[in-house]
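Engineer: As input, take protein-v2.cif (mmCIF, C-alpha atoms):
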```cif
data_start
#
loop_
_atom_site.group_PDB
_atom_site.id
_atom_site.type_symbol
_atom_site.label_atom_id
_atom_site.label_comp_id
_atom_site.auth_asym_id
_atom_site.auth_seq_id
_atom_site.Cartn_x
_atom_site.Cartn_y
_atom_site.Cartn_z
ATOM 1 C CA MET A 1 9.345 6.496 -8.173
ATOM 2 C CA THR A 2 6.245 4.327 -7.997
ATOM 3 C CA PRO A 3 2.851 5.974 -8.279
ATOM 4 C CA ALA A 4 0.677 6.131 -5.169
ATOM 5 C CA ARG A 5 -1.636 3.163 -4.873
ATOM 6 C CA LEU A 6 -5.385 3.531 -4.505
ATOM 7 C CA HIS A 7 -7.236 1.675 -1.760
ATOM 8 C CA LEU A 8 -10.407 -0.328 -2.365
ATOM 9 C CA THR A 9 -13.266 1.083 -0.289
ATOM 10 C CA ASP A 10 -15.117 -2.194 0.193
ATOM 11 C CA SER A 11 -14.615 -5.634 -1.326
ATOM 12 C CA GLU A 12 -18.322 -6.433 -0.934
ATOM 13 C CA LEU A 13 -19.178 -3.373 -3.038
ATOM 14 C CA LEU A 14 -16.864 -4.645 -5.783
ATOM 15 C CA ARG A 15 -18.567 -8.056 -5.616
ATOM 16 C CA LEU A 16 -22.009 -6.406 -5.818
ATOM 17 C CA LEU A 17 -20.988 -4.287 -8.807
ATOM 18 C CA MET A 18 -19.664 -7.391 -10.545
ATOM 19 C CA HIS A 19 -23.013 -9.071 -9.910
ATOM 20 C CA TRP A 20 -24.909 -6.120 -11.428
ATOM 21 C CA ALA A 21 -22.479 -5.557 -14.313
ATOM 22 C CA PRO A 22 -23.497 -3.337 -17.232
ATOM 23 C CA LEU A 23 -23.685 -6.386 -19.536
ATOM 24 C CA GLY A 24 -27.003 -7.387 -17.959
ATOM 25 C CA ARG A 25 -25.505 -10.502 -16.367
ATOM 26 C CA PRO A 26 -23.016 -11.110 -13.556
ATOM 27 C CA LEU A 27 -19.354 -10.601 -14.438
ATOM 28 C CA THR A 28 -17.099 -13.489 -13.398
ATOM 29 C CA ILE A 29 -13.650 -13.113 -11.871
ATOM 30 C CA ARG A 30 -12.111 -14.502 -15.061
ATOM 31 C CA GLU A 31 -13.996 -12.070 -17.315
ATOM 32 C CA LEU A 32 -13.084 -9.047 -15.193
ATOM 33 C CA ALA A 33 -9.438 -10.135 -15.037
ATOM 34 C CA GLU A 34 -9.236 -10.588 -18.806
ATOM 35 C CA GLN A 35 -10.955 -7.287 -19.582
ATOM 36 C CA VAL A 36 -8.825 -5.316 -17.102
ATOM 37 C CA GLY A 37 -5.572 -7.101 -17.964
ATOM 38 C CA ILE A 38 -4.667 -8.513 -14.554
ATOM 39 C CA SER A 39 -4.534 -12.041 -13.166
ATOM 40 C CA LYS A 40 -7.534 -13.860 -11.736
ATOM 41 C CA SER A 41 -5.690 -14.194 -8.433
ATOM 42 C CA LYS A 42 -5.404 -10.403 -8.101
ATOM 43 C CA VAL A 43 -9.135 -9.983 -8.674
ATOM 44 C CA HIS A 44 -9.831 -12.761 -6.155
ATOM 45 C CA ALA A 45 -7.479 -11.100 -3.626
ATOM 46 C CA LEU A 46 -9.407 -7.820 -4.032
ATOM 47 C CA LEU A 47 -12.717 -9.613 -3.504
ATOM 48 C CA SER A 48 -11.497 -11.508 -0.433
ATOM 49 C CA GLY A 49 -9.907 -8.439 1.158
ATOM 50 C CA GLU A 50 -6.460 -10.035 1.065
ATOM 51 C CA ARG A 51 -5.257 -7.241 -1.221
ATOM 52 C CA THR A 52 -6.702 -3.768 -0.802
ATOM 53 C CA THR A 53 -4.604 -1.581 -3.103
ATOM 54 C CA VAL A 54 -4.105 -1.252 -6.850
ATOM 55 C CA THR A 55 -2.320 1.177 -9.138
ATOM 56 C CA PRO A 56 -4.337 4.127 -10.456
ATOM 57 C CA GLU A 57 -4.298 2.626 -13.965
ATOM 58 C CA ILE A 58 -5.786 -0.692 -12.785
ATOM 59 C CA ALA A 59 -8.390 1.183 -10.726
ATOM 60 C CA ARG A 60 -9.361 3.191 -13.820
ATOM 61 C CA ARG A 61 -9.741 0.011 -15.888
ATOM 62 C CA ILE A 62 -11.826 -1.788 -13.237
ATOM 63 C CA CYS A 63 -14.159 1.185 -12.874
ATOM 64 C CA GLY A 64 -14.413 1.489 -16.656
ATOM 65 C CA GLU A 65 -15.500 -2.138 -16.979
ATOM 66 C CA LEU A 66 -18.070 -1.761 -14.199
ATOM 67 C CA SER A 67 -19.247 1.666 -15.456
ATOM 68 C CA VAL A 68 -18.789 3.404 -12.104
ATOM 69 C CA HIS A 69 -16.907 6.504 -11.033
ATOM 70 C CA GLU A 70 -13.426 5.793 -9.681
ATOM 71 C CA GLY A 71 -14.284 7.453 -6.370
ATOM 72 C CA ALA A 72 -17.084 4.942 -5.812
ATOM 73 C CA LEU A 73 -14.654 2.030 -5.460
ATOM 74 C CA PHE A 74 -11.221 3.467 -4.694
ATOM 75 C CA PHE A 75 -9.702 6.268 -2.636
ATOM 76 C CA LYS A 76 -6.273 7.790 -2.218
ATOM 77 C CA PRO A 77 -5.261 7.815 1.462
ATOM 78 C CA LEU A 78 -4.272 11.085 3.041
ATOM 79 C CA PRO A 79 -0.704 11.367 4.284
ATOM 80 C CA THR A 80 -0.353 11.166 8.049
ATOM 81 C CA PRO A 81 2.121 13.188 10.095
ATOM 82 C CA MET A 82 5.155 11.237 11.300
ATOM 83 C CA GLY A 83 4.453 9.321 14.449
ATOM 84 C CA GLU A 84 0.672 9.499 14.130
ATOM 85 C CA GLY A 85 -1.112 6.190 14.314
ATOM 86 C CA VAL A 86 1.825 4.413 15.939
ATOM 87 C CA ASP A 87 0.944 2.308 18.961
ATOM 88 C CA GLU A 88 2.407 3.484 22.238
ATOM 89 C CA GLY A 89 4.243 0.188 22.703
ATOM 90 C CA LYS A 90 5.702 0.211 19.175
ATOM 91 C CA ARG A 91 8.256 2.771 18.112
ATOM 92 C CA HIS A 92 10.246 3.330 14.953
ATOM 93 C CA GLU A 93 13.469 1.386 14.528
ATOM 94 C CA HIS A 94 15.525 4.568 14.380
ATOM 95 C CA GLU A 95 14.149 5.865 17.670
ATOM 96 C CA ARG A 96 14.917 2.556 19.374
ATOM 97 C CA ALA A 97 18.455 2.517 17.967
ATOM 98 C CA VAL A 98 19.185 6.067 19.130
ATOM 99 C CA ASP A 99 17.754 5.387 22.578
ATOM 100 C CA ALA A 100 19.765 2.180 22.875
ATOM 101 C CA ASP A 101 23.033 4.093 22.940
ATOM 102 C CA ALA A 102 22.413 7.788 23.402
ATOM 103 C CA ALA A 103 26.165 8.528 23.534
ATOM 104 C CA ARG A 104 26.563 7.658 19.867
ATOM 105 C CA SER A 105 25.596 10.091 17.174
ATOM 106 C CA SER A 106 23.217 9.049 14.402
ATOM 107 C CA GLN A 107 26.122 8.575 11.942
ATOM 108 C CA GLU A 108 27.841 6.137 14.276
ATOM 109 C CA LEU A 109 25.047 3.653 14.827
ATOM 110 C CA GLY A 110 26.903 0.975 12.895
ATOM 111 C CA GLY A 111 28.721 -1.946 14.458
ATOM 112 C CA HIS A 112 31.348 -0.323 16.707
ATOM 113 C CA ASP A 113 32.876 -2.570 19.336
ATOM 114 C CA GLY A 114 34.802 -0.020 21.357
ATOM 115 C CA PRO A 115 34.381 3.428 22.808
ATOM 116 C CA ILE A 116 33.636 6.194 20.358
ATOM 117 C CA GLY A 117 36.170 8.997 20.249
ATOM 118 C CA PRO A 118 35.739 12.499 18.874
ATOM 119 C CA TYR A 119 36.005 12.933 15.118
ATOM 120 C CA ARG A 120 39.492 13.978 14.049
ATOM 121 C CA ARG A 121 40.648 14.933 10.551
ATOM 122 C CA ARG A 122 43.751 13.362 9.167
ATOM 123 C CA PRO A 123 46.680 15.762 8.652
#
```
Represent the structure contained in this file as structure tokens.
Structural biologist:
Amino acid sequence: MTPARLHLTDSELLRLLMHWAPLGRPLTIRELAEQVGISKSKVHALLSGERTTVTPEIARRICGELSVHEGALFFKPLPTPMGEGVDEGKRHEHERAVDADAARSSQELGGHDGPIGPYRRRP
């Protein structure tokens, strides 16, 4: 099982913290990537907003290099109840499949070409 990923609060905040790094000079993308142990492209993706999540270990390393508390840059999203946040026009694939042929049971949603008969055990 993969660990839950942490979300970056704001890419501009990360850029600002890199500018005011604890070394007394701005920290470049290359320097941060080398010190944290990730690629430059991942750091750039965080700064551009293209990528907004990292593993907890990477988040810990980034915050350690910038000397900030982990909660200042990253947060763990709260779980949402099923169906919350889904647009009215968009529904889950399973719900659409069940509604497409309500006569079939959920176990029989495979590729049947004929009428579905009742389940019968072999003698």
Engineer: Starting from the PyMOL selection byres ((chain A and resi 39-49) around 12), expand the selection into actual residues of this file and give them as JSON, numbers by chain.
Structural biologist: {"A": [7, 8, 9, 10, 11, 12, 13, 14, 15, 16, 17, 18, 27, 28, 29, 30, 31, 32, 33, 34, 35, 36, 37, 38, 50, 51, 52, 53, 54, 58, 59, 62, 73, 74]}
Engineer: Emit the selected residues as a PDB file, keeping the file's coordinate frame, including C-alpha atoms.
Structural biologist:
```
ATOM      1  CA  HIS A   7      -7.236   1.675  -1.760  1.00  0.00           C
ATOM      2  CA  LEU A   8     -10.407  -0.328  -2.365  1.00  0.00           C
ATOM      3  CA  THR A   9     -13.266   1.083  -0.289  1.00  0.00           C
ATOM      4  CA  ASP A  10     -15.117  -2.194   0.193  1.00  0.00           C
ATOM      5  CA  SER A  11     -14.615  -5.634  -1.326  1.00  0.00           C
ATOM      6  CA  GLU A  12     -18.322  -6.433  -0.934  1.00  0.00           C
ATOM      7  CA  LEU A  13     -19.178  -3.373  -3.038  1.00  0.00           C
ATOM      8  CA  LEU A  14     -16.864  -4.645  -5.783  1.00  0.00           C
ATOM      9  CA  ARG A  15     -18.567  -8.056  -5.616  1.00  0.00           C
ATOM     10  CA  LEU A  16     -22.009  -6.406  -5.818  1.00  0.00           C
ATOM     11  CA  LEU A  17     -20.988  -4.287  -8.807  1.00  0.00           C
ATOM     12  CA  MET A  18     -19.664  -7.391 -10.545  1.00  0.00           C
ATOM     13  CA  LEU A  27     -19.354 -10.601 -14.438  1.00  0.00           C
ATOM     14  CA  THR A  28     -17.099 -13.489 -13.398  1.00  0.00           C
ATOM     15  CA  ILE A  29     -13.650 -13.113 -11.871  1.00  0.00           C
ATOM     16  CA  ARG A  30     -12.111 -14.502 -15.061  1.00  0.00           C
ATOM     17  CA  GLU A  31     -13.996 -12.070 -17.315  1.00  0.00           C
ATOM     18  CA  LEU A  32     -13.084  -9.047 -15.193  1.00  0.00           C
ATOM     19  CA  ALA A  33      -9.438 -10.135 -15.037  1.00  0.00           C
ATOM     20  CA  GLU A  34      -9.236 -10.588 -18.806  1.00  0.00           C
ATOM     21  CA  GLN A  35     -10.955  -7.287 -19.582  1.00  0.00           C
ATOM     22  CA  VAL A  36      -8.825  -5.316 -17.102  1.00  0.00           C
ATOM     23  CA  GLY A  37      -5.572  -7.101 -17.964  1.00  0.00           C
ATOM     24  CA  ILE A  38      -4.667  -8.513 -14.554  1.00  0.00           C
ATOM     25  CA  GLU A  50      -6.460 -10.035   1.065  1.00  0.00           C
ATOM     26  CA  ARG A  51      -5.257  -7.241  -1.221  1.00  0.00           C
ATOM     27  CA  THR A  52      -6.702  -3.768  -0.802  1.00  0.00           C
ATOM     28  CA  THR A  53      -4.604  -1.581  -3.103  1.00  0.00           C
ATOM     29  CA  VAL A  54      -4.105  -1.252  -6.850  1.00  0.00           C
ATOM     30  CA  ILE A  58      -5.786  -0.692 -12.785  1.00  0.00           C
ATOM     31  CA  ALA A  59      -8.390   1.183 -10.726  1.00  0.00           C
ATOM     32  CA  ILE A  62     -11.826  -1.788 -13.237  1.00  0.00           C
ATOM     33  CA  LEU A  73     -14.654   2.030  -5.460  1.00  0.00           C
ATOM     34  CA  PHE A  74     -11.221   3.467  -4.694  1.00  0.00           C
TER      35      PHE A  74
END
```
Engineer: Could you please determine the separation between atom CA of A:Arg5 and atom CA of A:Ala72 in Å, to one decimal place?
Structural biologist: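 Between atom CA of A:Arg5 and atom CA of A:Ala72 the gap works out to 15.6 Å.
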Engineer: Would you compute the distance between atom CA of A:Lys76 and atom CA of A:Arg61? Give it in Å to one decimal.
Structural biologist: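 Rounded to one decimal, the two atoms are 16.1 Å apart.
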Engineer: Quote the spacing between atom CA of A:Leu23 and atom CA of A:Phe75 in Å to one decimal place.
Structural biologist: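 Interatomic distance here is 25.3 Å.
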Engineer: Work out where the centre of an axis-aligned box around every listed atom of stretch 61-77 of chain A lies and how long its edges are once 3 Å is added on each side; give both in Å to one decimal as JSON.
Structural biologist:
```
{"center_x": -12.3, "center_y": 2.8, "center_z": -7.8, "size_x": 20.0, "size_y": 16.0, "size_z": 24.4}
```
